[in-house]
Every structure is written in structure tokens, then in C-alpha cells.
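See below for run32.tsv, which holds TSV, C-alpha atoms.
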```tsv
chain	number	residue	atom	x	y	z
A	1	MET	CA	52.44	-62.04	8.78
A	2	ASP	CA	55.60	-60.07	9.54
A	3	LEU	CA	56.00	-56.51	10.84
A	4	GLU	CA	56.14	-54.92	7.38
A	5	GLU	CA	53.04	-56.74	6.15
A	6	PHE	CA	51.22	-55.85	9.36
A	7	SER	CA	52.11	-52.17	9.01
A	8	VAL	CA	51.11	-51.99	5.34
A	9	GLU	CA	47.77	-53.66	5.93
A	10	LEU	CA	46.99	-51.49	8.96
A	11	ALA	CA	47.89	-48.34	7.00
A	12	GLY	CA	45.25	-49.27	4.43
A	13	LYS	CA	42.47	-49.49	7.03
A	14	ASN	CA	40.83	-46.08	7.27
A	15	ASP	CA	37.33	-46.94	8.44
A	16	GLU	CA	37.04	-47.63	12.19
A	17	ASP	CA	35.10	-50.84	11.58
A	18	ASP	CA	37.90	-52.02	9.28
A	19	VAL	CA	40.53	-51.24	11.93
A	20	LEU	CA	38.46	-53.14	14.51
A	21	ASP	CA	38.18	-56.12	12.17
A	22	PHE	CA	41.96	-55.96	11.65
A	23	CYS	CA	42.47	-56.02	15.45
A	24	ARG	CA	40.18	-58.99	15.86
A	25	LYS	CA	41.73	-60.96	13.03
A	26	HIS	CA	45.43	-60.32	13.65
A	27	VAL	CA	45.92	-59.06	17.21
A	28	LEU	CA	43.37	-61.00	19.26
A	29	HIS	CA	42.37	-64.11	17.32
A	30	GLY	CA	44.44	-67.26	16.84
A	31	THR	CA	47.31	-69.14	18.42
A	32	PRO	CA	50.08	-66.82	19.68
A	33	TYR	CA	53.45	-66.73	17.96
A	34	ILE	CA	55.13	-68.03	21.12
A	35	PHE	CA	53.00	-71.18	20.87
A	36	SER	CA	53.24	-71.73	17.10
A	37	SER	CA	52.66	-75.44	16.35
A	38	ARG	CA	52.22	-76.04	20.10
A	39	ASP	CA	48.46	-75.79	20.57
A	40	GLU	CA	48.39	-78.37	23.36
A	41	GLU	CA	51.02	-76.51	25.35
A	42	PHE	CA	49.11	-73.27	24.82
A	43	TYR	CA	46.07	-74.95	26.34
A	44	GLU	CA	48.11	-76.23	29.30
A	45	PHE	CA	49.53	-72.75	29.93
A	46	ARG	CA	46.06	-71.19	29.85
A	47	LYS	CA	44.76	-73.91	32.17
A	48	ARG	CA	47.66	-73.30	34.59
A	49	VAL	CA	46.82	-69.59	34.90
A	50	ALA	CA	43.06	-70.22	35.03
A	51	LYS	CA	43.45	-72.77	37.85
A	52	LYS	CA	45.31	-70.24	39.98
A	53	PHE	CA	42.42	-67.77	39.82
A	54	GLY	CA	39.52	-70.22	39.62
A	55	ILE	CA	38.32	-69.08	36.20
A	56	PRO	CA	37.77	-70.79	32.79
A	57	PHE	CA	40.84	-71.39	30.62
A	58	TYR	CA	39.30	-69.53	27.67
A	59	GLU	CA	39.50	-66.27	29.63
A	60	ILE	CA	43.30	-66.31	29.29
A	61	PHE	CA	44.83	-64.50	26.29
A	62	ILE	CA	48.39	-63.70	25.22
A	63	THR	CA	48.87	-60.26	23.72
A	64	GLY	CA	51.70	-58.04	22.51
A	65	SER	CA	54.79	-59.24	20.67
A	66	ALA	CA	54.41	-62.79	22.03
A	67	LYS	CA	51.11	-62.95	20.18
A	68	LEU	CA	52.27	-61.34	16.91
A	69	GLY	CA	55.94	-62.28	16.80
A	70	PHE	CA	56.88	-58.60	16.74
A	71	SER	CA	56.00	-55.29	18.35
A	72	PRO	CA	54.48	-52.77	15.93
A	73	PHE	CA	55.07	-50.07	18.55
A	74	LYS	CA	58.76	-50.78	19.25
A	75	LYS	CA	59.42	-51.89	15.64
A	76	LYS	CA	61.25	-55.01	16.74
A	77	SER	CA	60.83	-58.77	16.54
A	78	PHE	CA	59.95	-60.90	19.54
A	79	ASP	CA	63.21	-62.06	21.15
A	80	TYR	CA	64.69	-63.29	24.41
A	81	ASP	CA	64.49	-59.79	25.90
A	82	SER	CA	60.73	-59.73	25.32
A	83	ASP	CA	58.08	-60.47	27.94
A	84	ILE	CA	54.94	-62.59	27.71
A	85	ASP	CA	51.94	-60.31	28.25
A	86	VAL	CA	48.87	-62.15	29.53
A	87	ALA	CA	45.40	-60.58	29.40
A	88	ILE	CA	42.94	-62.22	31.79
A	89	VAL	CA	39.43	-61.38	30.61
A	90	SER	CA	37.31	-62.20	33.65
A	91	PRO	CA	34.42	-60.17	35.06
A	92	ILE	CA	34.50	-62.35	38.20
A	93	LEU	CA	38.22	-61.83	38.92
A	94	PHE	CA	37.93	-58.14	38.05
A	95	GLU	CA	35.14	-57.66	40.62
A	96	GLN	CA	37.02	-59.68	43.25
A	97	LEU	CA	40.05	-57.44	42.90
A	98	MET	CA	37.89	-54.32	42.84
A	99	SER	CA	36.25	-55.38	46.10
A	100	ASN	CA	39.66	-55.36	47.78
A	101	ILE	CA	40.51	-52.08	46.12
A	102	ALA	CA	37.28	-50.54	47.42
A	103	GLU	CA	38.44	-51.34	50.94
A	104	TYR	CA	41.77	-49.74	50.17
A	105	GLN	CA	40.01	-46.64	48.83
A	106	MET	CA	38.25	-46.20	52.19
A	107	MET	CA	41.64	-46.38	53.93
A	108	VAL	CA	43.00	-43.78	51.53
A	109	ARG	CA	40.15	-41.43	52.46
A	110	ASN	CA	40.82	-41.90	56.17
A	111	ASN	CA	44.63	-41.93	56.12
A	112	ARG	CA	45.78	-39.50	53.46
A	113	ASP	CA	48.31	-37.99	55.84
A	114	VAL	CA	50.22	-41.30	56.17
A	115	ILE	CA	50.33	-42.22	52.48
A	116	ARG	CA	53.38	-41.04	50.57
A	117	ASP	CA	52.82	-38.73	47.60
A	118	SER	CA	54.61	-41.20	45.34
A	119	GLU	CA	52.09	-43.91	46.30
A	120	LEU	CA	49.14	-41.62	45.70
A	121	LYS	CA	50.53	-40.78	42.26
A	122	MET	CA	50.93	-44.49	41.51
A	123	TYR	CA	47.41	-45.20	42.75
A	124	HIS	CA	45.95	-42.47	40.53
A	125	SER	CA	47.75	-44.01	37.55
A	126	PHE	CA	46.24	-47.36	38.52
A	127	LEU	CA	42.76	-45.83	38.64
A	128	GLU	CA	43.19	-44.40	35.13
A	129	TYR	CA	43.63	-47.95	33.84
A	130	VAL	CA	40.66	-49.15	35.91
A	131	ALA	CA	38.53	-46.52	34.15
A	132	LEU	CA	39.42	-48.32	30.90
A	133	GLY	CA	38.30	-51.64	32.39
A	134	TRP	CA	41.84	-52.90	33.00
A	135	ILE	CA	43.42	-53.77	36.36
A	136	ARG	CA	47.21	-53.49	36.28
A	137	PRO	CA	48.53	-54.91	39.57
A	138	ASP	CA	51.99	-53.44	38.86
A	139	LYS	CA	50.41	-50.03	39.44
A	140	LEU	CA	49.00	-50.89	42.87
A	141	PRO	CA	50.55	-49.12	45.88
A	142	VAL	CA	52.41	-51.33	48.34
A	143	SER	CA	50.76	-49.91	51.47
A	144	PHE	CA	48.00	-51.54	53.53
A	145	GLN	CA	46.64	-54.85	52.19
A	146	MET	CA	47.58	-53.95	48.62
A	147	LYS	CA	51.04	-55.37	49.35
A	148	ALA	CA	49.53	-58.80	50.03
A	149	ILE	CA	47.63	-58.72	46.74
A	150	LYS	CA	50.73	-57.63	44.82
A	151	ASP	CA	52.96	-60.21	46.46
A	152	ASP	CA	50.58	-63.09	45.71
A	153	TRP	CA	50.08	-61.89	42.13
A	154	PHE	CA	53.74	-61.43	41.28
A	155	ASP	CA	54.88	-64.53	43.17
A	156	PHE	CA	52.58	-66.60	40.97
A	157	PHE	CA	53.68	-65.05	37.69
A	158	ARG	CA	57.33	-65.38	38.70
A	159	SER	CA	56.62	-69.06	39.36
A	160	ILE	CA	55.61	-69.56	35.71
A	161	SER	CA	58.36	-67.38	34.22
A	162	ASN	CA	61.90	-68.09	33.02
A	163	GLY	CA	61.63	-71.73	32.03
A	164	LYS	CA	59.16	-72.75	34.75
A	165	SER	CA	56.13	-73.27	32.48
A	166	GLU	CA	55.06	-74.10	28.93
A	167	VAL	CA	55.80	-70.55	27.80
A	168	GLY	CA	59.56	-71.02	27.95
A	169	ASN	CA	62.42	-68.83	29.16
A	170	TYR	CA	60.55	-65.52	29.35
A	171	ARG	CA	59.13	-63.28	32.05
A	172	VAL	CA	55.34	-63.40	32.31
A	173	ASN	CA	53.30	-60.28	33.12
A	174	ALA	CA	49.52	-60.03	33.41
A	175	GLY	CA	46.55	-57.74	33.86
A	176	VAL	CA	42.81	-58.27	34.22
A	177	PHE	CA	40.18	-56.88	31.86
A	178	LYS	CA	36.59	-56.43	32.96
A	179	SER	CA	35.24	-57.93	29.71
A	180	TYR	CA	36.30	-58.99	26.25
A	181	GLU	CA	34.82	-55.74	24.98
A	182	HIS	CA	37.22	-53.78	27.20
A	183	LEU	CA	40.20	-55.76	25.86
A	184	GLU	CA	38.98	-55.19	22.32
A	185	ASN	CA	38.48	-51.46	22.87
A	186	TYR	CA	41.92	-51.08	24.42
A	187	THR	CA	43.49	-52.94	21.50
A	188	LEU	CA	41.58	-50.78	19.01
A	189	LEU	CA	42.77	-47.64	20.81
A	190	GLY	CA	46.36	-48.84	20.47
A	191	MET	CA	46.02	-49.49	16.75
A	192	LYS	CA	44.41	-46.08	16.19
A	193	ASP	CA	47.27	-44.44	18.10
A	194	LEU	CA	49.74	-46.38	15.97
A	195	LYS	CA	48.09	-45.20	12.76
A	196	ARG	CA	48.00	-41.62	14.07
A	197	SER	CA	51.69	-41.63	15.01
A	198	LYS	CA	52.65	-42.87	11.54
A	199	TYR	CA	50.54	-40.16	9.95
A	200	LEU	CA	52.17	-37.47	12.08
A	201	ARG	CA	55.67	-38.73	11.21
A	202	LYS	CA	54.88	-38.43	7.50
A	203	LYS	CA	53.80	-34.78	7.79
```

As C-alpha cells:
Amino acid sequence: MDLEEFSVELAGKNDEDDVLDFCRKHVLHGTPYIFSSRDEEFYEFRKRVAKKFGIPFYEIFITGSAKLGFSPFKKKSFDYDSDIDVAIVSPILFEQLMSNIAEYQMMVRNNRDVIRDSELKMYHSFLEYVALGWIRPDKLPVSFQMKAIKDDWFDFFRSISNGKSEVGNYRVNAGVFKSYEHLENYTLLGMKDLKRSKYLRKK
């Protein structure tokens, strides 16, 4: 399925259940474009990420243009300027990270006067994603022990980027979803926004 076929089929889905089924079938299910005809390497990549965090390999997903072969939002094909977006769907890892974040939250309450406004703004953006069941480490502030979490996270994903893993010569980014349902709901929200934006452009 190419971008035009994707857009036409999505445009014809008006019932929410049909849009959800479309998301499941085309956006979440199946071998990613980046691993076309390379199922064994896809497994090895998933295992590599899972081993780092001590979770099952089947909790590792690839999303975005690396999954589809194009970005329906940017209207462009997957290319060498694209990133590999990894969704880790792990209740255990989510709660581990949230435990550390809870400690940080107590420090925020006790040390507001020493935290820069820019970091508080970033932290509030991070919490908005957490409310959707998605931890985005790139939104974590660098103060207190959050820096250690960020450094470990990004050091690992840099170590499997740019020709250093099965995924090839691309940068790898990742986030953690609380459950598969949260990933599914976030994906559905994106498709509904995409349909809405197309409708508004036609008016």
C-alpha cells in the first residue's frame, strides 16, 4: 500500500470502529516496511531492544514512516532523512520509569525555586504525554536524577542507530506505552486528526 492508496482508504472510513480497524490492519499489524523480507532481522532487532530493558521481544513495535514506508502526516516517503520510531509497549517498564519520575516530582515540589522555567515547561509537556499513557524520555528535564535516566536511554538508542544494528543507517528513537490499548488509542487519535485536517482543507 502506498501513500495515495492509504489516504483514499482512510478517507472512506467514517465510522470510528472502521477507522480503528484500519489502524490495526495497516498501522500497527505486520512486518514494518524497513524490515520488508527480513523477518529474522526484525526479530533480532526487537530482541536487542527487549534485552536492554528486560522485557519480552513482542513488546517492541516499529511505528511511523518506518512501519508504513511513508508518512501520511508529512506526505513523504520513508527515506534516509527519516528516523526509526520504536514503541515499547510494556506495563512493567512504564511503571519502573514512573517510579523514578515520582521521586523527581517530590523534588519538584520541594525545589521549585531552583528549577528553571524552561525545564518546568518541558516537564509539563512530558506529563501531558504521560496522561495519554506514553512516556517520552526526550521530554524529561535534565535536572536531578532525570539526567541519568535520559543519558542511559539515549546512549542505548544511539548505540543501535546509524548502521550499528539490524535497522540500518537510521537514527532510532523510542517511547514507552503503558499498554497496547494506549498505543492503539494514540494511533487512532492520530488517524482521526488526519481525517479532520483533510476535511478542513477541503472546505

Taken to one decimal, the CA of Leu183 (chain A)-CA of Phe42 (chain A) distance is 19.7 Å

Answer as a PDB file with C-alpha atoms, keeping the file's coordinate frame, residues within 12 Å of (54.1, -67.1, 39.0) using all atoms listed in the file:
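Resulting contents of part.pdb:
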```pdb
ATOM      1  CA  PHE A  45      49.530 -72.750  29.930  1.00  0.00           C
ATOM      2  CA  ARG A  48      47.660 -73.300  34.590  1.00  0.00           C
ATOM      3  CA  VAL A  49      46.820 -69.590  34.900  1.00  0.00           C
ATOM      4  CA  LYS A  52      45.310 -70.240  39.980  1.00  0.00           C
ATOM      5  CA  PHE A  53      42.420 -67.770  39.820  1.00  0.00           C
ATOM      6  CA  VAL A  86      48.870 -62.150  29.530  1.00  0.00           C
ATOM      7  CA  LYS A 150      50.730 -57.630  44.820  1.00  0.00           C
ATOM      8  CA  ASP A 151      52.960 -60.210  46.460  1.00  0.00           C
ATOM      9  CA  ASP A 152      50.580 -63.090  45.710  1.00  0.00           C
ATOM     10  CA  TRP A 153      50.080 -61.890  42.130  1.00  0.00           C
ATOM     11  CA  PHE A 154      53.740 -61.430  41.280  1.00  0.00           C
ATOM     12  CA  ASP A 155      54.880 -64.530  43.170  1.00  0.00           C
ATOM     13  CA  PHE A 156      52.580 -66.600  40.970  1.00  0.00           C
ATOM     14  CA  PHE A 157      53.680 -65.050  37.690  1.00  0.00           C
ATOM     15  CA  ARG A 158      57.330 -65.380  38.700  1.00  0.00           C
ATOM     16  CA  SER A 159      56.620 -69.060  39.360  1.00  0.00           C
ATOM     17  CA  ILE A 160      55.610 -69.560  35.710  1.00  0.00           C
ATOM     18  CA  SER A 161      58.360 -67.380  34.220  1.00  0.00           C
ATOM     19  CA  ASN A 162      61.900 -68.090  33.020  1.00  0.00           C
ATOM     20  CA  GLY A 163      61.630 -71.730  32.030  1.00  0.00           C
ATOM     21  CA  LYS A 164      59.160 -72.750  34.750  1.00  0.00           C
ATOM     22  CA  SER A 165      56.130 -73.270  32.480  1.00  0.00           C
ATOM     23  CA  VAL A 167      55.800 -70.550  27.800  1.00  0.00           C
ATOM     24  CA  TYR A 170      60.550 -65.520  29.350  1.00  0.00           C
ATOM     25  CA  ARG A 171      59.130 -63.280  32.050  1.00  0.00           C
ATOM     26  CA  VAL A 172      55.340 -63.400  32.310  1.00  0.00           C
ATOM     27  CA  ASN A 173      53.300 -60.280  33.120  1.00  0.00           C
ATOM     28  CA  ALA A 174      49.520 -60.030  33.410  1.00  0.00           C
TER      29      ALA A 174
END
```

Suppose you want the space between CA of Glu4 (chain A) and CA of Arg24 (chain A); what is it in Å?
->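 Those two atoms sit 18.5 Å apart.
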
7 Å contact set for Gly69 (chain A), only C-alpha atoms, chain neighbours under 6 positions out, as a count of residues only | 3

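In this comparison, which uses all atoms listed in the file, the residue of A:Leu132, A:Lys195, A:Thr187, A:Gly54 approaching Cys23 (chain A) most closely is A:Thr187.
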
Pick the closest to Val176 (chain A) from A:Gly30, A:Pro72, A:Gly133, A:Gly64: which is it, counting all atoms listed in the file?
->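 Of all the options, A:Gly133 lies closest to Val176 (chain A).
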